[in-house]
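File shown here: model_28.csv, holding CSV, C-alpha atoms.
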chain,number,residue,atom,x,y,z
L,1,MET,CA,9.6,25.5,47.6
L,2,THR,CA,11.8,23.3,45.4
L,3,THR,CA,15.1,22.3,46.9
L,4,VAL,CA,17.9,22.6,44.3
L,5,VAL,CA,20.4,19.8,44.6
L,6,PRO,CA,23.9,20.7,43.1
L,7,THR,CA,24.4,19.0,39.8
L,8,SER,CA,27.8,18.6,38.1
L,9,GLU,CA,28.3,20.9,35.2
L,10,GLU,CA,29.6,17.9,33.4
L,11,ASP,CA,26.1,16.7,33.1
L,12,PRO,CA,25.4,16.7,29.3
L,13,ALA,CA,22.0,18.3,29.6
L,14,LEU,CA,23.1,21.1,31.9
L,15,ALA,CA,26.2,21.7,29.7
L,16,VAL,CA,23.9,22.1,26.6
L,17,VAL,CA,21.7,24.5,28.5
L,18,ARG,CA,24.7,26.6,29.6
L,19,PHE,CA,26.3,26.6,26.1
L,20,THR,CA,23.1,27.4,24.1
L,21,SER,CA,21.9,30.1,26.6
L,22,GLU,CA,25.2,31.8,26.5
L,23,LEU,CA,25.2,31.9,22.7
L,24,ALA,CA,21.5,33.0,22.7
L,25,TRP,CA,22.1,35.9,25.0
L,26,ASP,CA,25.6,36.8,23.7
L,27,ASP,CA,24.5,39.9,21.9
L,28,ALA,CA,22.8,41.4,24.9
L,29,GLY,CA,26.0,42.0,26.8
L,30,LEU,CA,27.5,40.4,29.9
L,31,GLU,CA,25.4,42.3,32.5
L,32,VAL,CA,22.2,41.2,30.9
L,33,ALA,CA,23.3,37.8,29.7
L,34,GLU,CA,24.9,36.4,32.9
L,35,PRO,CA,21.7,36.5,35.1
L,36,GLN,CA,19.6,35.0,32.2
L,37,VAL,CA,22.1,32.2,31.8
L,38,THR,CA,22.1,31.5,35.5
L,39,ARG,CA,18.3,31.5,35.6
L,40,LEU,CA,18.1,29.0,32.8
L,41,CYS,CA,20.7,26.7,34.4
L,42,ILE,CA,18.8,26.8,37.7
L,43,GLU,CA,15.5,26.0,35.9
L,44,ALA,CA,17.2,23.1,34.1
L,45,GLN,CA,18.6,21.8,37.4
L,46,GLU,CA,15.1,21.9,39.0
L,47,CYS,CA,13.7,20.0,36.1
L,48,MET,CA,16.4,17.3,36.4
L,49,VAL,CA,16.0,17.0,40.1
L,50,THR,CA,12.2,16.7,39.9
L,51,ASN,CA,12.2,14.5,36.8
L,52,LYS,CA,10.3,17.0,34.7
L,53,TRP,CA,11.9,15.9,31.5
L,54,LEU,CA,9.2,17.4,29.2
L,55,GLU,CA,9.8,20.8,30.7
L,56,LEU,CA,13.5,20.4,30.4
L,57,ALA,CA,13.2,19.5,26.8
L,58,SER,CA,11.1,22.6,26.1
L,59,LEU,CA,13.6,24.8,27.9
L,60,MET,CA,16.5,23.4,26.0
L,61,LEU,CA,14.7,23.6,22.6
L,62,ALA,CA,14.0,27.3,23.2
L,63,SER,CA,17.7,28.2,23.4
L,64,ALA,CA,18.8,25.7,20.8
L,65,ASP,CA,16.4,27.0,18.2
L,66,LEU,CA,17.9,30.5,18.6
L,67,ILE,CA,21.5,29.4,17.9
L,68,PHE,CA,20.8,27.1,15.0
L,69,SER,CA,22.5,29.5,12.6
L,70,LYS,CA,25.4,30.4,14.9
L,71,VAL,CA,27.1,27.0,15.4
L,72,SER,CA,28.5,24.3,13.2
L,73,GLU,CA,26.5,21.3,12.1
L,74,LYS,CA,28.7,19.1,14.2
L,75,ASP,CA,27.9,21.1,17.3
L,76,LEU,CA,24.2,21.2,16.5
L,77,GLU,CA,24.1,17.4,16.1
L,78,CYS,CA,25.7,17.0,19.5
L,79,ILE,CA,23.3,19.5,21.1
L,80,PHE,CA,20.2,17.8,19.7
L,81,THR,CA,21.6,14.3,20.5
L,82,VAL,CA,21.6,15.3,24.2
L,83,ILE,CA,18.1,16.8,23.8
L,84,CYS,CA,16.7,13.8,22.0
L,85,ASN,CA,18.2,11.5,24.6
L,86,LEU,CA,15.9,13.0,27.3
L,87,VAL,CA,13.1,10.7,26.0
L,88,THR,CA,15.0,7.7,27.5
L,89,LYS,CA,15.0,9.3,31.0
L,90,SER,CA,11.3,9.5,31.4
L,91,GLU,CA,9.5,6.5,32.9
L,92,SER,CA,6.1,7.6,31.5
L,93,SER,CA,5.2,6.4,28.0
L,94,ASP,CA,2.8,9.3,27.5
L,95,GLU,CA,5.5,11.8,28.5
L,96,LYS,CA,7.9,10.2,26.1
L,97,ILE,CA,5.5,10.6,23.2
L,98,GLU,CA,4.7,14.2,24.2
L,99,MET,CA,8.5,14.9,24.3
L,100,ALA,CA,8.9,13.4,20.9
L,101,LYS,CA,6.1,15.5,19.6
L,102,VAL,CA,7.6,18.7,21.1
L,103,ILE,CA,11.2,18.0,19.8
L,104,SER,CA,10.1,16.9,16.3
L,105,GLY,CA,7.7,19.8,16.1
L,106,LYS,CA,10.5,22.3,16.8
L,107,ILE,CA,12.9,20.6,14.4
L,108,ILE,CA,10.6,20.8,11.4
L,109,GLN,CA,9.6,24.5,11.8
L,110,GLN,CA,12.3,25.7,9.4
L,111,PRO,CA,12.7,23.0,6.9
L,112,ASN,CA,14.9,25.0,4.5
L,113,ASP,CA,17.6,25.7,7.1
L,114,LYS,CA,20.0,22.7,7.2
L,115,PRO,CA,17.2,20.2,6.2
L,116,ALA,CA,19.5,17.2,5.9
L,117,LEU,CA,20.8,17.7,9.4
L,118,ARG,CA,17.3,18.2,10.8
L,119,LEU,CA,16.3,14.9,9.2
L,120,LYS,CA,19.3,13.2,10.7
L,121,ILE,CA,18.2,14.5,14.1
L,122,LEU,CA,14.7,13.1,13.6
L,123,PHE,CA,16.1,9.7,12.7
L,124,ASN,CA,18.2,9.7,15.9
L,125,LEU,CA,15.0,10.6,17.9
L,126,TYR,CA,13.1,7.8,16.1
L,127,ASN,CA,15.7,5.2,17.1
L,128,LEU,CA,15.7,6.3,20.8
L,129,LEU,CA,11.9,5.7,21.1
L,130,GLU,CA,10.5,2.3,22.0
L,131,ASN,CA,6.8,3.2,21.7
L,132,PRO,CA,5.5,2.3,18.2
L,133,TYR,CA,3.1,5.2,18.0
L,134,GLY,CA,5.8,7.6,19.1
L,135,GLN,CA,8.0,6.2,16.3
L,136,PHE,CA,5.2,6.6,13.8
L,137,HIS,CA,4.7,10.3,14.8
L,138,VAL,CA,8.4,11.1,14.4
L,139,TYR,CA,8.5,9.3,11.0
L,140,MET,CA,5.6,11.4,9.8
L,141,ARG,CA,7.4,14.6,10.9
L,142,ALA,CA,10.4,13.3,9.0
L,143,LEU,CA,8.4,12.8,5.9
L,144,THR,CA,7.0,16.4,6.1
L,145,LEU,CA,10.5,17.8,6.7
L,146,ALA,CA,12.0,15.8,3.8
L,147,PHE,CA,9.2,17.0,1.4
L,148,ASN,CA,9.2,20.7,2.5
L,149,GLY,CA,13.0,20.8,2.7
L,150,LYS,CA,13.5,19.0,-0.6
L,151,VAL,CA,15.7,16.3,0.8
L,152,THR,CA,13.5,13.4,0.0
L,153,GLU,CA,16.4,11.3,-1.3
L,154,HIS,CA,17.4,10.6,2.3
L,155,ILE,CA,14.0,9.1,3.3
L,156,ILE,CA,12.9,7.3,0.1
L,157,PRO,CA,15.0,4.2,0.8
L,158,SER,CA,13.0,3.6,3.9
L,159,PHE,CA,9.8,3.1,1.9
L,160,LYS,CA,11.1,-0.4,1.0
L,161,LYS,CA,10.6,-1.4,4.6
L,162,MET,CA,7.1,0.0,4.8
L,163,ASP,CA,5.4,-3.3,5.3
L,164,SER,CA,7.5,-4.2,8.3
L,165,PHE,CA,7.0,-0.6,9.7
L,166,LEU,CA,3.3,-1.0,9.5
L,167,GLN,CA,3.4,-4.2,11.4
L,168,GLU,CA,5.5,-2.6,14.1
L,169,TRP,CA,3.4,0.6,14.4
L,170,ASN,CA,0.0,-1.1,14.2
L,171,ILE,CA,-1.6,2.2,13.3
L,172,GLY,CA,-5.3,2.8,12.4
L,173,ILE,CA,-7.0,3.6,9.1
L,174,SER,CA,-6.8,7.4,9.3
L,175,ASP,CA,-3.0,7.3,10.1
L,176,ARG,CA,-2.5,4.9,7.2
L,177,ARG,CA,-4.3,7.2,4.9
L,178,GLU,CA,-2.1,10.1,5.9
L,179,LEU,CA,1.0,8.0,5.6
L,180,PHE,CA,0.3,6.6,2.1
L,181,LEU,CA,-0.7,9.9,0.7
L,182,ILE,CA,2.4,11.8,1.8
L,183,ILE,CA,4.6,9.0,0.5
L,184,SER,CA,2.8,9.0,-2.8
L,185,ASN,CA,3.3,12.8,-3.0
L,186,ILE,CA,7.0,12.5,-2.2
L,187,LEU,CA,7.6,9.8,-4.9
L,188,LYS,CA,5.5,11.8,-7.4
L,189,GLU,CA,8.3,14.5,-7.5
L,190,HIS,CA,10.7,11.9,-9.0
L,191,LYS,CA,10.0,11.0,-12.6
L,192,SER,CA,11.7,7.6,-12.2
L,193,LEU,CA,9.4,6.7,-9.3
L,194,VAL,CA,6.0,7.3,-10.9
L,195,LYS,CA,5.0,3.6,-10.6
L,196,GLU,CA,5.9,3.5,-6.9
L,197,SER,CA,4.0,6.8,-6.3
L,198,PHE,CA,0.9,5.2,-8.0
L,199,LYS,CA,1.2,2.1,-5.8
L,200,PHE,CA,1.0,4.1,-2.6
L,201,LEU,CA,-1.8,6.3,-4.1
L,202,VAL,CA,-3.8,3.1,-4.7
L,203,LYS,CA,-3.0,2.0,-1.1
L,204,TYR,CA,-4.4,5.3,0.1
L,205,LEU,CA,-7.6,4.9,-2.0
L,206,ALA,CA,-8.0,1.3,-0.8
L,207,THR,CA,-8.4,2.5,2.8
L,208,PHE,CA,-11.8,4.0,1.8
L,209,SER,CA,-14.6,1.4,2.0
L,210,GLY,CA,-18.0,1.6,3.7
L,211,GLU,CA,-17.5,5.2,4.9
L,212,ASP,CA,-20.2,7.8,4.7
L,213,ALA,CA,-20.4,10.0,1.7
L,214,TYR,CA,-18.7,13.0,3.4
L,215,THR,CA,-15.7,10.9,4.4
L,216,MET,CA,-15.6,9.3,1.0
L,217,SER,CA,-15.6,12.6,-0.7
L,218,GLU,CA,-12.2,13.4,0.8
L,219,ALA,CA,-10.7,10.9,-1.7
L,220,LYS,CA,-12.3,12.4,-4.9
L,221,GLU,CA,-9.3,14.5,-5.9
L,222,GLU,CA,-6.9,11.7,-5.3
L,223,ALA,CA,-9.1,9.2,-7.2
L,224,VAL,CA,-9.1,11.5,-10.2
L,225,ARG,CA,-5.3,11.9,-9.9
L,226,ALA,CA,-4.9,8.1,-9.8
L,227,ILE,CA,-7.0,7.7,-13.0
L,228,VAL,CA,-5.1,10.4,-14.9
L,229,GLU,CA,-1.7,8.9,-13.8
L,230,PHE,CA,-2.8,5.4,-14.9
L,231,VAL,CA,-4.0,6.6,-18.3
L,232,LYS,CA,-0.9,8.8,-18.7
L,233,ALA,CA,1.7,6.1,-17.7
L,234,PRO,CA,3.1,4.4,-20.9
L,235,ASP,CA,4.1,1.2,-19.0
L,236,MET,CA,1.0,0.5,-16.8
L,237,PHE,CA,-1.7,-1.6,-18.3
L,238,GLN,CA,-3.4,-3.2,-15.3
L,239,CYS,CA,-5.1,-1.8,-12.2
L,240,ASP,CA,-7.9,-2.5,-9.8
L,241,LEU,CA,-9.2,1.1,-9.6
L,242,LEU,CA,-12.7,0.2,-10.9
L,243,ASP,CA,-13.3,-2.1,-7.9
L,244,MET,CA,-12.5,0.7,-5.3
L,245,PRO,CA,-15.4,2.6,-3.7
L,246,ALA,CA,-13.3,5.7,-3.6
L,247,VAL,CA,-13.1,5.6,-7.4
L,248,GLY,CA,-16.6,4.2,-8.0
L,249,GLN,CA,-18.1,7.3,-6.4
L,250,LEU,CA,-16.9,9.3,-9.4
L,251,GLU,CA,-19.3,7.5,-11.8
L,252,LYS,CA,-22.3,9.6,-10.8
L,253,ASP,CA,-20.3,12.7,-9.8
L,254,ALA,CA,-21.4,15.8,-11.7
L,255,LYS,CA,-17.8,17.0,-11.9
L,256,TYR,CA,-15.8,13.9,-12.4
L,257,ALA,CA,-18.1,11.4,-14.2
L,258,LEU,CA,-16.3,11.8,-17.5
L,259,VAL,CA,-12.9,11.0,-15.9
L,260,TYR,CA,-14.4,7.8,-14.5
L,261,GLN,CA,-15.8,7.0,-18.0
L,262,LEU,CA,-12.3,7.4,-19.4
L,263,LEU,CA,-10.9,4.9,-16.9
L,264,LYS,CA,-13.6,2.4,-17.8
L,265,ILE,CA,-12.8,2.8,-21.5
L,266,PHE,CA,-9.1,2.0,-20.9
L,267,LEU,CA,-9.9,-1.0,-18.7
L,268,THR,CA,-12.9,-2.6,-20.4
L,269,GLN,CA,-13.2,-1.3,-24.0
L,270,ARG,CA,-11.3,-0.8,-27.2
L,271,LEU,CA,-9.8,1.9,-29.3
L,272,ASP,CA,-13.0,2.9,-31.1
L,273,ALA,CA,-14.6,3.7,-27.8
L,274,TYR,CA,-11.7,6.0,-26.9
L,275,LEU,CA,-11.8,7.8,-30.2
L,276,GLU,CA,-15.5,8.5,-29.8
L,277,PHE,CA,-14.8,9.8,-26.2
L,278,HIS,CA,-12.0,12.0,-27.4
L,279,ALA,CA,-14.1,13.5,-30.2
L,280,ALA,CA,-16.6,14.7,-27.6
L,281,ASN,CA,-14.2,15.5,-24.7
L,282,SER,CA,-10.9,16.7,-26.2
L,283,THR,CA,-10.9,19.7,-23.9
L,284,LEU,CA,-11.2,17.5,-20.8
L,285,LEU,CA,-8.2,15.4,-21.9
L,286,LYS,CA,-6.0,18.4,-22.4
L,287,SER,CA,-7.0,19.8,-19.0
L,288,CYS,CA,-5.8,16.6,-17.4
L,289,GLY,CA,-2.5,16.8,-19.2
L,290,LEU,CA,-3.2,13.8,-21.4
L,291,VAL,CA,-1.7,13.7,-24.9
L,292,HIS,CA,-4.1,12.3,-27.5
L,293,GLU,CA,-1.4,10.5,-29.5
L,294,ASP,CA,0.0,8.8,-26.4
L,295,CYS,CA,-3.5,7.7,-25.4
L,296,ILE,CA,-4.0,6.2,-28.8
L,297,THR,CA,-0.7,4.2,-28.5
L,298,LYS,CA,-1.7,2.9,-25.1
L,299,MET,CA,-5.2,2.1,-26.2
L,300,ARG,CA,-4.0,0.1,-29.2
L,301,LEU,CA,-2.0,-2.1,-26.8
L,302,MET,CA,-4.9,-2.4,-24.4
L,303,SER,CA,-7.2,-3.3,-27.3
L,304,LEU,CA,-4.7,-6.0,-28.5
L,305,VAL,CA,-4.7,-7.4,-24.9
L,306,ASP,CA,-8.5,-7.5,-25.1
L,307,LEU,CA,-8.4,-9.5,-28.3
L,308,ALA,CA,-5.8,-11.8,-26.8
L,309,SER,CA,-8.0,-12.6,-23.9
L,310,ASP,CA,-10.5,-14.4,-26.2
L,311,ASP,CA,-10.8,-18.1,-25.3
L,312,SER,CA,-10.0,-19.2,-28.9
L,313,GLY,CA,-6.4,-18.3,-28.4
L,314,GLN,CA,-6.1,-17.1,-32.0
L,315,ILE,CA,-6.4,-13.6,-33.5
L,316,PRO,CA,-6.6,-13.1,-37.3
L,317,TYR,CA,-4.3,-10.4,-38.6
L,318,ALA,CA,-7.4,-8.7,-40.2
L,319,VAL,CA,-9.1,-8.4,-36.8
L,320,ILE,CA,-6.0,-6.8,-35.3
L,321,ARG,CA,-5.8,-4.4,-38.2
L,322,ASP,CA,-9.4,-3.3,-38.0
L,323,THR,CA,-9.4,-3.1,-34.2
L,324,LEU,CA,-6.2,-1.1,-33.9
L,325,GLY,CA,-6.9,1.1,-37.0
L,326,VAL,CA,-3.6,0.3,-38.6
L,327,ASN,CA,-2.3,-0.8,-42.0
L,328,ASP,CA,-1.7,-4.4,-42.9
L,329,ASP,CA,2.1,-4.0,-42.7
L,330,GLU,CA,1.8,-2.6,-39.2
L,331,VAL,CA,0.0,-5.5,-37.6
L,332,GLU,CA,3.1,-7.5,-36.7
L,333,LEU,CA,4.8,-4.3,-35.4
L,334,TRP,CA,2.1,-3.8,-32.8
L,335,VAL,CA,2.2,-7.5,-31.8
L,336,VAL,CA,5.9,-7.2,-31.2
L,337,LYS,CA,5.3,-4.0,-29.1
L,338,ALA,CA,2.8,-6.0,-27.0
L,339,ILE,CA,5.3,-8.8,-26.5
L,340,THR,CA,8.1,-6.3,-25.6
L,341,VAL,CA,6.1,-4.8,-22.8
L,342,LYS,CA,5.1,-8.3,-21.7
L,343,LEU,CA,1.4,-7.9,-22.3
L,344,ILE,CA,1.2,-11.1,-24.3
L,345,ASP,CA,3.2,-14.3,-25.2
L,346,CYS,CA,2.4,-15.5,-28.7
L,347,LYS,CA,3.6,-16.8,-32.0
L,348,MET,CA,2.8,-15.1,-35.4
L,349,ASP,CA,1.7,-17.5,-38.1
L,350,GLN,CA,2.5,-15.5,-41.2
L,351,MET,CA,1.3,-18.3,-43.5
L,352,ASN,CA,-2.2,-18.4,-42.0
L,353,GLN,CA,-2.2,-14.7,-41.0
L,354,VAL,CA,-3.1,-15.4,-37.3
L,355,VAL,CA,-1.5,-14.7,-34.0
L,356,ILE,CA,-1.5,-17.7,-31.6
L,357,VAL,CA,-1.7,-16.5,-28.0
L,358,SER,CA,-0.3,-18.6,-25.1
L,359,ARG,CA,-0.7,-15.9,-22.4
L,360,CYS,CA,-2.0,-12.4,-22.0
L,361,THR,CA,-2.2,-9.9,-19.1
L,362,GLU,CA,-5.6,-9.1,-17.8
L,363,ARG,CA,-6.4,-5.3,-17.7
L,364,VAL,CA,-8.4,-5.8,-14.5
L,365,PHE,CA,-8.2,-8.7,-12.1
L,366,GLY,CA,-11.6,-8.8,-10.3
L,367,GLN,CA,-14.1,-11.5,-9.3
L,368,HIS,CA,-14.5,-12.8,-12.8
L,369,GLN,CA,-10.8,-13.2,-13.3
L,370,TRP,CA,-10.5,-15.0,-9.9
L,371,GLU,CA,-13.3,-17.4,-10.9
L,372,THR,CA,-11.6,-18.1,-14.2
L,373,LEU,CA,-8.3,-18.8,-12.5
L,374,GLY,CA,-10.1,-21.1,-10.0
L,375,THR,CA,-11.6,-23.1,-12.9
L,376,LYS,CA,-8.3,-23.4,-14.6
L,377,LEU,CA,-6.5,-24.5,-11.4
L,378,ALA,CA,-9.3,-27.1,-10.8
L,379,ALA,CA,-8.8,-28.4,-14.4
L,380,TRP,CA,-5.1,-28.6,-13.9
L,381,ARG,CA,-5.5,-30.4,-10.6
L,382,GLY,CA,-7.8,-32.9,-12.3
L,383,ASN,CA,-5.4,-33.5,-15.1
L,384,ILE,CA,-2.5,-34.0,-12.7
L,385,ALA,CA,-4.6,-36.5,-10.7
L,386,ASN,CA,-5.4,-38.4,-13.9
L,387,VAL,CA,-1.7,-38.5,-14.8
L,388,ILE,CA,-0.8,-39.8,-11.3
L,389,SER,CA,-3.5,-42.5,-11.5
L,390,THR,CA,-2.3,-43.6,-14.9
L,391,ILE,CA,1.3,-43.8,-13.7
L,392,GLN,CA,0.3,-45.8,-10.6
L,393,ALA,CA,-1.8,-48.2,-12.7
L,394,ASN,CA,1.0,-48.7,-15.1
L,395,ARG,CA,3.4,-49.4,-12.2
L,396,ILE,CA,1.1,-52.0,-10.7
L,397,THR,CA,0.7,-53.7,-14.1
L,398,GLU,CA,4.5,-53.6,-14.6
L,399,ASP,CA,5.2,-55.0,-11.1
L,400,GLY,CA,2.6,-57.8,-11.8
L,401,SER,CA,4.3,-58.7,-15.1
L,402,GLN,CA,7.7,-58.9,-13.5
L,403,ALA,CA,6.3,-61.1,-10.7
L,404,MET,CA,4.8,-63.5,-13.3
L,405,GLN,CA,8.1,-63.6,-15.2
L,406,GLY,CA,9.9,-64.5,-12.0
L,407,LEU,CA,7.5,-67.5,-11.4
L,408,MET,CA,8.0,-68.7,-14.9
L,409,ILE,CA,11.8,-68.6,-14.6
L,410,ARG,CA,11.6,-70.7,-11.4
Kindly transcribe the structure held in the file into structure tokens.
Amino acid sequence: MTTVVPTSEEDPALAVVRFTSELAWDDAGLEVAEPQVTRLCIEAQECMVTNKWLELASLMLASADLIFSKVSEKDLECIFTVICNLVTKSESSDEKIEMAKVISGKIIQQPNDKPALRLKILFNLYNLLENPYGQFHVYMRALTLAFNGKVTEHIIPSFKKMDSFLQEWNIGISDRRELFLIISNILKEHKSLVKESFKFLVKYLATFSGEDAYTMSEAKEEAVRAIVEFVKAPDMFQCDLLDMPAVGQLEKDAKYALVYQLLKIFLTQRLDAYLEFHAANSTLLKSCGLVHEDCITKMRLMSLVDLASDDSGQIPYAVIRDTLGVNDDEVELWVVKAITVKLIDCKMDQMNQVVIVSRCTERVFGQHQWETLGTKLAAWRGNIANVISTIQANRITEDGSQAMQGLMIR
């Protein structure tokens, strides 16, 4: 039989149990409420004496959940601060994680009821934990709450620290997948953060490599979404989706092969290929929410980038006109558009009707691009070495001449 040691009612945990249980049983009348409150307080004391912190947390949460709508947000914050603080009392790491799961699980059950306060409570719980995996679990619950409760503006700023979080948490592939996907979904709801959403979606897809077909198939829908978002975005002209196994599986997929083909056109071909594709698959494009005119605009810029990547460094106006399907007086307009979005750096020679390209953005940056960059760096290194050798040779010659002049003066 458990021996109950008297505990001061000033103990924060016991005070919360008494306060919340009295409110929870308030409507039942004094005769019914008083023995229930006494019972709960005794149970709480037993848990405290025997260091059963998980049981105490569960007991406190049961009453606290019932009075969530009856007290002020300030009182609720105080109540849950005491409950969350229980994780610091346990000496068992496993128990701390289990307590964090129980507390966070209860908090996210009603995301539309005071969601900002619930999120604040989760942040407080996160900061009280020392175990990295426990912190990750609470953070994931916070993401779910923010998304369902429509208070994502409170958690989005934390995404900037994601790299350091990942180092601290040291989580596995499956957890990373879940994390990247929910972050991408949160950012997707904000029109101004489409690029950031796409980046995390790409991070999610990048976690799939070498898995079996069944596991890889989990990423099909998100791979399609990534392709559509890339094609739709008016300010994204480069991506590495073609190199990802999660996207590559679509190439021979009965349902999504055409979507993969569309991506390949945007990253490796020119406007004429897109127009041919559209003529045969206009219904598909509409079902993906793609606007034909917007696709033509983007494809013209992509085609101009492809022309600029030619090693000659010069593009005749006539070639631009024919490739982009525009009039003669529109050629320079499209070149200026490409410069404005930083796709190319160039000069327009109106006299000779050519565009002289000094730099262009690669639509894809794969093995071939790395090899080309390596060749250029090797050439630059050789040129610099030659310059240094020439300078050193000239310095030796100059020093020798000065020495001879000194001897002649003497």
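Counting only C-alpha atoms, the residue from L:Val341, L:Met302, L:Val228, L:Phe68 that sits nearest to Lys286 of chain L is L:Val228.
Using all atoms listed in the file for every distance, the candidate list L:Phe266, L:Phe136, L:Leu76, L:Phe147 yields L:Leu76 as the residue closest to Ile121 of chain L.
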Selection: 10 Å around Leu267 of chain L, all atoms listed in the file, excl. self and same-chain fewer than 3 positions, as a list in words: Val231, Phe237, Gln238, Cys239, Asp240, Leu241, Leu242, Gln261, Leu262, Leu263, Lys264, Arg270, Met299, Met302, Ser303, Asp306, Glu362, Arg363 and Val364 of chain L
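Closest approach to Gln45 of chain L from the set L:Val17, L:Ile186, L:Ala206, L:Val331 is made by L:Val17, with distances taken over all atoms listed in the file.
Taking atom CA of Val355 of chain L and atom CA of Ile296 of chain L as the two end points, the separation is 21.7 Å.
One distance worth recording is that between atom CA of Thr297 of chain L and atom CA of Glu196 of chain L, which is 22.6 Å.
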d(atom CA of Ile173 of chain L, atom CA of Ser158 of chain L) in Å: 20.7 Å
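Non-sequential neighbours of Glu229 of chain L (distance at most 12 Å, separation of 6 or more positions within a chain, only C-alpha atoms) are Ser184, Lys188, Lys191, Val194, Lys195, Glu196, Ser197, Phe198, Lys199, Leu201, Val202, Glu222, Ala223, Asp235, Met236, Phe237, Cys239, Leu241, Val259, Leu263, Cys288, Gly289, Leu290 and Cys295 of chain L.
Closest approach to Asp345 of chain L among L:His137, L:His154, L:Arg359, L:Arg321: L:Arg359, based on only C-alpha atoms.
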Exercise: Ala338 of chain L partners within 9 Å, all atoms listed in the file, chain neighbours under 4 positions left out, as JSON, numbers by chain: {"L": [301, 302, 304, 305, 333, 334, 342, 343, 344, 345]}
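Nearest to Leu271 of chain L of all the residues L:Ser69, L:Val326, L:Val247, L:Phe230 is L:Val326, based on all atoms listed in the file.
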Sphere at (8.2, 3.7, 19.1), radius 10 Å, counting only C-alpha atoms: residues as a ChimeraX atom specification: /L:93,96-97,100,125-139,168-169
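Nearest residue to Ser90 of chain L among L:Val151, L:Leu284, L:Ala57, L:Ala246 is L:Ala57, counting all atoms listed in the file.
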